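Participant: I'd like to ask you about the structure that follows.
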Amino acid sequence: MKAFWRALRRNRLALAGGVVVVCLAVLALLAPAISPRDPNRPDVKKILDAPSKAHPLGTDQLGRDVLSRMLYGARVSLAVGFVSVGIAAAIGIVLGSLAGYHGGTTDAMVMRLVDLMLVFPRFFLLLAVLAFLRPSIWTIMTVIGLTGWMSVARLVRAEFLSLKEREFVLWSQSIGATAFRIIWRHILPNAIAPVLVAMTLGIPAAILTESGLSFLGLGVQPPHATWGNILNEGKDAIEIGWWLSVYPGLAILVTVLSYNLLGEGIRDALDPRLRQSVGRIVSRAR
Amino acid sequence: MLGYALRRLVLAVPLLIGITLISFFVIHLAPGEPTDLGTGDTPVQSDREVRERLRQMYGLDKPLHVQYVNWLTRLVRLDFGRSFSPDARPVLQKIGERLPITLLLNVVEMTIIIALAIPIGVFSATRQYSRFDKVTTIFVFVGFATPDFWLALMLMILFGVQLGWLPISGLRSPMWEYLSFWQQQWDFAGHLILPILVATFGGLAGFSRYMRQSMLEVVRQDYIQSARAKGLAESVVIGKHALRNALLPIVTVLGLSLPGLIGGSVIVESIFAIPGMGQLMVQAVFERDYPVIMGNLVIVATLTLGANLIADLTYSLVDPRIRVAARRGRR
């Protein structure tokens with residue numbers, strides 16, 4: 001663990017990413033306290049005002065303060081990132097460990113399901129599912145989670161395949177430990193490192209997906225402020241209000257970049273060997 | 001080789017059935033009545049009307065397995081039903097007229113990505129930590145993090161609104177009919193520049209990264225050392241011995257990243273108002289045109305499966321080891 005922190009601290013880019021990630025989380029949590037205005041209060045006298053002292057990032061078509069809306073939007077992005085990755089990781093860990101530990105038919109079935117899910121272009125599948133559901137922040141999180149577990153399942157399975165042959169597993173089996181106990185108490189803790197890396201890299205992917213859906217108008221619904229929603233509205237005012245299009249996009253870019261840098265830093269610090277396998281499997285599922 | 005191809009083809013059949021199963025599952029995903037919903041916009045049709053049409057179309061009052069078998073028999077005959085929108089045209093026809101432009105865009109993007117990513121990857125790997133390598137690494141990280149819809153907006157502001165160099169929506173200018181043949185081609189190409197630029201950006205970042213990684217691994221191998229040791233020119237060592245082996249994993253990655261690329265058409269086509277499958281999908285979701293949504297989903301997944309198959313076969317063509325292993329496995 002100490003070696004891990006030392007390695008992570010030496011990686012300046014990862015450190016910078018980590019600092020930005022923490023700052024964003026703090027800003028999002030404190031949004032109600034620090035936003036200069038009510039994010040949803042329209043003001044007819046200030047429609048599409050350019051950035052000024054009163055409104056550092058300008059106002060939108062309804063005269064709402066863009067800075068406040070972006071602070072509240074950060075809450076949505078972070079919530080979506082964490083919750084959907086949590087769902088994806090839970091499914092991936094359960095299916096991946098069952099497949100890896102039991103092998104045989106279970107393994108074949110899980111891996112065929114993974115192959116199958118990967119055949120669907122994710123955006124088409126997401127849109128098809130969302131067409132049948134009422135879009136809310138919870139459906140978005142669930143749907144992103146349900147379509148994003150494949151890389152975790154593959155990683156966990158791969159780890160289990162090599163770990164289950166190790167002596168400590170054979171010993172537990174020989175003293176009659178149940179499969180559940182061996183999976184949960186003995187193998188999983190040893191397999192968790194690549195999963196954590198995959199989760200850190202999964203959060204920005206989920207944020208990108210959510211903002212893309214919201215941008216199309218099929219994600220979190222207005223008047224709820226999200227970065228994607230602001231961009232969606234900015235698209236219609238593209239010739240007058242450039243600030244509506246520029247800032248939320250920059251926010252997404254910086255957030256995603258920071259998580260990616262942090263994730264890659266954690267990966268390299270945990271184990272340089274992971275560099276290839278995790279990177280390959282994670283980005284395959286993109 | 002033929003045997004290997006046939007076996008891959010047979011293996012694709014369960015996946016094809018799986019595609020229909022998942023799509024069928026999606027219809028039944030909604031809690032309660034699959035018809036009793038809204039997409040946030042004002043519904044184009046009343047709930048009751050939609051429900052009645054869906055019931056007729058999918059036989060929603062019959063038992064599940066009967067519904068599925070009925071639906072599947074229609075799919076096999078390529079009958080995707082009729083669109084719910086007022087024109088009520090067959091879904092297949094609607095998709096058919098939008099497929100070519102989406103395919104064209106994706107093929108052009110893929111070609112550009114491959115043509116640029118391979119040299120970029122090779123150069124940054126052979127000159128690791130050089131200035132070129134550092135610049136491309138930054139490009140890769142930024143490329144991964146840039147939302148494609150935002151990049152599209154920025155390019156539209158810059159080239160469309162500020163500079164006025166390029167058209168920002170559709171495929172043709174309003175006065176298209178009055179142009180000469182070559183002007184028409186030029187006009188069409190101009191409309192495609194921004195969408196293709198946006199769609200290649202992210203993919204290019206990913207692929208040049210893979211190529212670099214793959215090349216770095218190969219260059220460390222013993223046979224590269226021996227190629228150098230026997231006095232071959234560096235260009236031959238890299239361009240022939242190393243490159244061929246480094247390209248192998250790329251073929252697989254190529255196949256696997258196709259769904260992502262095709263999925264990207266949804267956003268690119270919506271923003272630039274290109275009448276392709278992605279735009280059709282978004283419109284259908286807004287209009288709650290369920291037959292079109294389901295048809296789109298099944299067809300896109302099937303196309304991706306086909307493309308994956310081609311990538312697999314290409315892989316076996318370029319890597320003799322696969323063919324040998326396949327032949328041994330059969331004996």
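All residue names refer to the structure tokens as shown: chains lettered A, B, ... in order, residues numbered from 1 in each chain, ligands numbered from 1 in order.
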Pick out the chain A residues within 9 Å of chain B. Count only C-alpha atoms. Give them as a PDB file with C-alpha atoms, in the first residue's frame.
Facilitator:
ATOM      1  CA  ARG A 112     -21.621 -15.636 -24.816  1.00  0.00           C
ATOM      2  CA  LEU A 113     -23.799 -13.056 -23.074  1.00  0.00           C
ATOM      3  CA  ASP A 115     -20.140 -11.267 -26.660  1.00  0.00           C
ATOM      4  CA  LEU A 116     -23.785 -10.644 -27.392  1.00  0.00           C
ATOM      5  CA  MET A 117     -23.955  -7.392 -25.432  1.00  0.00           C
ATOM      6  CA  LEU A 118     -20.828  -6.188 -27.211  1.00  0.00           C
ATOM      7  CA  VAL A 119     -22.436  -6.687 -30.616  1.00  0.00           C
ATOM      8  CA  PHE A 120     -24.968  -3.938 -29.910  1.00  0.00           C
ATOM      9  CA  PRO A 121     -23.709  -0.449 -30.650  1.00  0.00           C
ATOM     10  CA  ARG A 122     -24.213   0.983 -27.181  1.00  0.00           C
ATOM     11  CA  PHE A 123     -25.963   4.189 -28.214  1.00  0.00           C
ATOM     12  CA  PHE A 124     -28.530   2.355 -30.297  1.00  0.00           C
ATOM     13  CA  LEU A 125     -29.280  -0.031 -27.438  1.00  0.00           C
ATOM     14  CA  LEU A 127     -31.867   4.777 -27.154  1.00  0.00           C
ATOM     15  CA  ALA A 128     -34.058   1.742 -27.797  1.00  0.00           C
ATOM     16  CA  VAL A 129     -34.372   1.048 -24.078  1.00  0.00           C
ATOM     17  CA  LEU A 130     -34.944   4.699 -23.209  1.00  0.00           C
ATOM     18  CA  ALA A 131     -37.704   4.933 -25.809  1.00  0.00           C
ATOM     19  CA  PHE A 132     -39.733   2.561 -23.659  1.00  0.00           C
ATOM     20  CA  LEU A 133     -38.916   4.101 -20.294  1.00  0.00           C
ATOM     21  CA  ARG A 134     -39.663   7.431 -18.724  1.00  0.00           C
ATOM     22  CA  PRO A 135     -36.345   9.226 -18.770  1.00  0.00           C
ATOM     23  CA  PRO A 204     -15.664   9.199 -17.224  1.00  0.00           C
ATOM     24  CA  ALA A 205     -17.135   6.887 -19.854  1.00  0.00           C
ATOM     25  CA  LEU A 208     -19.663  11.048 -21.484  1.00  0.00           C
ATOM     26  CA  THR A 209     -22.584   8.735 -22.223  1.00  0.00           C
ATOM     27  CA  SER A 211     -24.019  14.004 -21.363  1.00  0.00           C
ATOM     28  CA  GLY A 212     -24.398  12.629 -24.885  1.00  0.00           C
ATOM     29  CA  LEU A 213     -27.899  11.361 -24.124  1.00  0.00           C
ATOM     30  CA  PHE A 215     -27.444  16.527 -25.354  1.00  0.00           C
ATOM     31  CA  LEU A 216     -29.773  14.611 -27.676  1.00  0.00           C
ATOM     32  CA  GLY A 217     -32.622  15.498 -25.325  1.00  0.00           C
ATOM     33  CA  LEU A 218     -33.087  11.877 -24.294  1.00  0.00           C
ATOM     34  CA  GLN A 221     -34.935  15.948 -18.639  1.00  0.00           C
ATOM     35  CA  LEU A 231     -25.195  22.143 -24.396  1.00  0.00           C
ATOM     36  CA  LYS A 235     -26.922  24.360 -29.750  1.00  0.00           C
ATOM     37  CA  ILE A 238     -25.057  28.774 -31.355  1.00  0.00           C
ATOM     38  CA  GLU A 239     -24.798  31.981 -33.363  1.00  0.00           C
ATOM     39  CA  TRP A 242     -21.168  30.836 -27.673  1.00  0.00           C
ATOM     40  CA  SER A 245     -21.740  25.802 -25.846  1.00  0.00           C
ATOM     41  CA  VAL A 246     -18.156  26.374 -24.774  1.00  0.00           C
ATOM     42  CA  PRO A 248     -20.186  22.956 -20.291  1.00  0.00           C
ATOM     43  CA  GLY A 249     -18.164  21.100 -22.928  1.00  0.00           C
ATOM     44  CA  LEU A 250     -14.927  22.246 -21.335  1.00  0.00           C
ATOM     45  CA  ILE A 252     -16.938  17.601 -19.436  1.00  0.00           C
ATOM     46  CA  LEU A 253     -13.546  17.493 -21.131  1.00  0.00           C
ATOM     47  CA  VAL A 254     -11.632  18.458 -17.986  1.00  0.00           C
ATOM     48  CA  THR A 255     -13.618  16.034 -15.821  1.00  0.00           C
ATOM     49  CA  VAL A 256     -13.193  13.098 -18.160  1.00  0.00           C
ATOM     50  CA  LEU A 257      -9.523  13.883 -18.728  1.00  0.00           C
ATOM     51  CA  SER A 258      -8.851  14.054 -14.985  1.00  0.00           C
ATOM     52  CA  ASN A 260      -8.686   9.101 -17.104  1.00  0.00           C
ATOM     53  CA  LEU A 261      -5.332  10.423 -15.889  1.00  0.00           C
ATOM     54  CA  GLN A 276      -1.677  -3.949 -21.043  1.00  0.00           C
ATOM     55  CA  ARG A 280      -7.043  -3.464 -23.679  1.00  0.00           C
ATOM     56  CA  SER A 283     -11.270   0.143 -24.121  1.00  0.00           C
ATOM     57  CA  ARG A 284     -12.614  -2.776 -26.079  1.00  0.00           C
ATOM     58  CA  ALA A 285     -15.888  -2.314 -24.304  1.00  0.00           C
ATOM     59  CA  ARG A 286     -16.035   1.371 -25.004  1.00  0.00           C
TER      60      ARG A 286
END
Participant: Please provide the set of residues having any atom within 10 Å of segment 86-92 of chain A, restricted to only C-alpha atoms, with same-chain residues fewer than 4 positions apart removed, written as number ranges by chain.
Facilitator: A: 80-82, 96-98, 114, 141-157, 195-196, 198-199, 202-203
Participant: Compile the contact shell of Gln61 of chain A as a ChimeraX atom specification: residues with an atom at most 8 Å away, counting only C-alpha atoms, same-chain residues fewer than 6 positions apart removed.
Facilitator: /A:47-48,233,237
Participant: Write out as a compact mmCIF listing (two decimals) with C-alpha atoms, in the first residue's frame each polymer residue whose atoms come within 12 Å of Asp49 of chain A, counting only C-alpha atoms; drop sequence neighbours fewer than 6 positions from it.
Facilitator:
# COMPACT_ATOMS: atom_id res chain seq x y z
CA ASP A 43 -35.00 36.33 -15.54
CA HIS A 55 -22.91 36.26 -14.41
CA PRO A 56 -19.33 35.01 -14.87
CA LEU A 57 -20.39 32.42 -17.46
CA GLY A 58 -23.33 34.34 -18.90
CA THR A 59 -27.02 33.46 -18.95
CA ASP A 60 -29.13 31.17 -21.11
CA GLN A 61 -32.30 31.66 -23.19
CA LEU A 62 -34.43 31.95 -20.06
CA GLY A 63 -32.00 34.26 -18.30
CA ARG A 64 -30.79 31.59 -15.91
CA ASP A 65 -27.26 31.85 -14.55
CA VAL A 66 -25.01 29.40 -16.43
CA ALA A 237 -28.35 29.66 -29.73
CA ILE A 240 -25.48 34.33 -30.41
CA GLY A 241 -24.50 32.61 -27.19
CA TRP A 242 -21.17 30.84 -27.67
CA TRP A 243 -20.71 30.69 -23.88
CA LEU A 244 -23.60 28.24 -23.61
Participant: Report the residues of segment 111-151 of chain A whose backbone DSSP state falls under helix (DSSP H, G or I), written as a ChimeraX atom specification.
Facilitator: /A:111-119,122-132,137-146,150-151
Participant: Would you output that residue set with C-alpha atoms, as a tab-separated table (two decimals), in the first residue's frame?
Facilitator:
chain	number	residue	atom	x	y	z
A	111	MET	CA	-19.08	-15.20	-22.00
A	112	ARG	CA	-21.62	-15.64	-24.82
A	113	LEU	CA	-23.80	-13.06	-23.07
A	114	VAL	CA	-20.81	-10.71	-22.94
A	115	ASP	CA	-20.14	-11.27	-26.66
A	116	LEU	CA	-23.78	-10.64	-27.39
A	117	MET	CA	-23.96	-7.39	-25.43
A	118	LEU	CA	-20.83	-6.19	-27.21
A	119	VAL	CA	-22.44	-6.69	-30.62
A	122	ARG	CA	-24.21	0.98	-27.18
A	123	PHE	CA	-25.96	4.19	-28.21
A	124	PHE	CA	-28.53	2.36	-30.30
A	125	LEU	CA	-29.28	-0.03	-27.44
A	126	LEU	CA	-29.50	2.81	-24.93
A	127	LEU	CA	-31.87	4.78	-27.15
A	128	ALA	CA	-34.06	1.74	-27.80
A	129	VAL	CA	-34.37	1.05	-24.08
A	130	LEU	CA	-34.94	4.70	-23.21
A	131	ALA	CA	-37.70	4.93	-25.81
A	132	PHE	CA	-39.73	2.56	-23.66
A	137	ILE	CA	-31.88	10.42	-13.68
A	138	TRP	CA	-32.51	6.97	-12.15
A	139	THR	CA	-33.45	5.27	-15.41
A	140	ILE	CA	-30.39	6.83	-17.07
A	141	MET	CA	-28.08	5.54	-14.33
A	142	THR	CA	-29.62	2.07	-14.41
A	143	VAL	CA	-29.56	1.78	-18.17
A	144	ILE	CA	-25.96	2.96	-18.45
A	145	GLY	CA	-25.01	0.48	-15.72
A	146	LEU	CA	-26.89	-2.39	-17.36
A	150	MET	CA	-19.04	-6.42	-19.81
A	151	SER	CA	-15.48	-5.19	-19.33
Participant: Please determine, counting only C-alpha atoms, which residue among A:Ala3, A:Val19, A:Ala33, A:Leu262 has the shortest atom-to-atom distance to Val197 of chain A.
Facilitator: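 For Val197 of chain A, the nearest of the candidates is A:Leu262.
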Participant: So that I can check the surroundings of Phe188 of chain B, please list as a list in words every protein, DNA and RNA residue that reaches within 10 Å of it, counting only C-alpha atoms and ignoring chain neighbours fewer than 5 positions away.
Facilitator: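 Listing them by chain and then by number gives Pro167, Gly170, Leu171, Arg172, Ser173, Trp176, Trp182, Gln183 and Ile193 of chain B.
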Participant: Go ahead and save the picked residues with N, CA and C atoms, as an mmCIF file, in the first residue's frame.
Facilitator:
data_model
loop_
_atom_site.group_PDB
_atom_site.id
_atom_site.type_symbol
_atom_site.label_atom_id
_atom_site.label_comp_id
_atom_site.auth_asym_id
_atom_site.auth_seq_id
_atom_site.Cartn_x
_atom_site.Cartn_y
_atom_site.Cartn_z
ATOM 1 N N PRO B 167 -20.354 24.167 -44.815
ATOM 2 C CA PRO B 167 -21.756 24.014 -44.441
ATOM 3 C C PRO B 167 -21.841 23.194 -43.155
ATOM 4 N N GLY B 170 -26.931 18.959 -43.046
ATOM 5 C CA GLY B 170 -27.459 18.324 -44.240
ATOM 6 C C GLY B 170 -26.375 17.782 -45.146
ATOM 7 N N LEU B 171 -26.773 17.357 -46.329
ATOM 8 C CA LEU B 171 -25.827 16.790 -47.278
ATOM 9 C C LEU B 171 -25.690 17.624 -48.540
ATOM 10 N N ARG B 172 -26.648 18.512 -48.754
ATOM 11 C CA ARG B 172 -26.637 19.288 -49.995
ATOM 12 C C ARG B 172 -26.999 20.728 -49.715
ATOM 13 N N SER B 173 -26.442 21.624 -50.535
ATOM 14 C CA SER B 173 -26.811 23.029 -50.424
ATOM 15 C C SER B 173 -28.186 23.230 -51.056
ATOM 16 N N TRP B 176 -28.525 23.082 -54.877
ATOM 17 C CA TRP B 176 -27.803 21.920 -55.377
ATOM 18 C C TRP B 176 -28.179 21.561 -56.804
ATOM 19 N N TRP B 182 -19.711 18.172 -61.276
ATOM 20 C CA TRP B 182 -18.543 18.202 -60.397
ATOM 21 C C TRP B 182 -18.764 19.127 -59.218
ATOM 22 N N GLN B 183 -19.486 20.212 -59.468
ATOM 23 C CA GLN B 183 -19.805 21.095 -58.336
ATOM 24 C C GLN B 183 -20.665 20.371 -57.313
ATOM 25 N N ILE B 193 -17.200 16.977 -44.639
ATOM 26 C CA ILE B 193 -15.916 17.195 -43.974
ATOM 27 C C ILE B 193 -16.057 17.264 -42.452
#
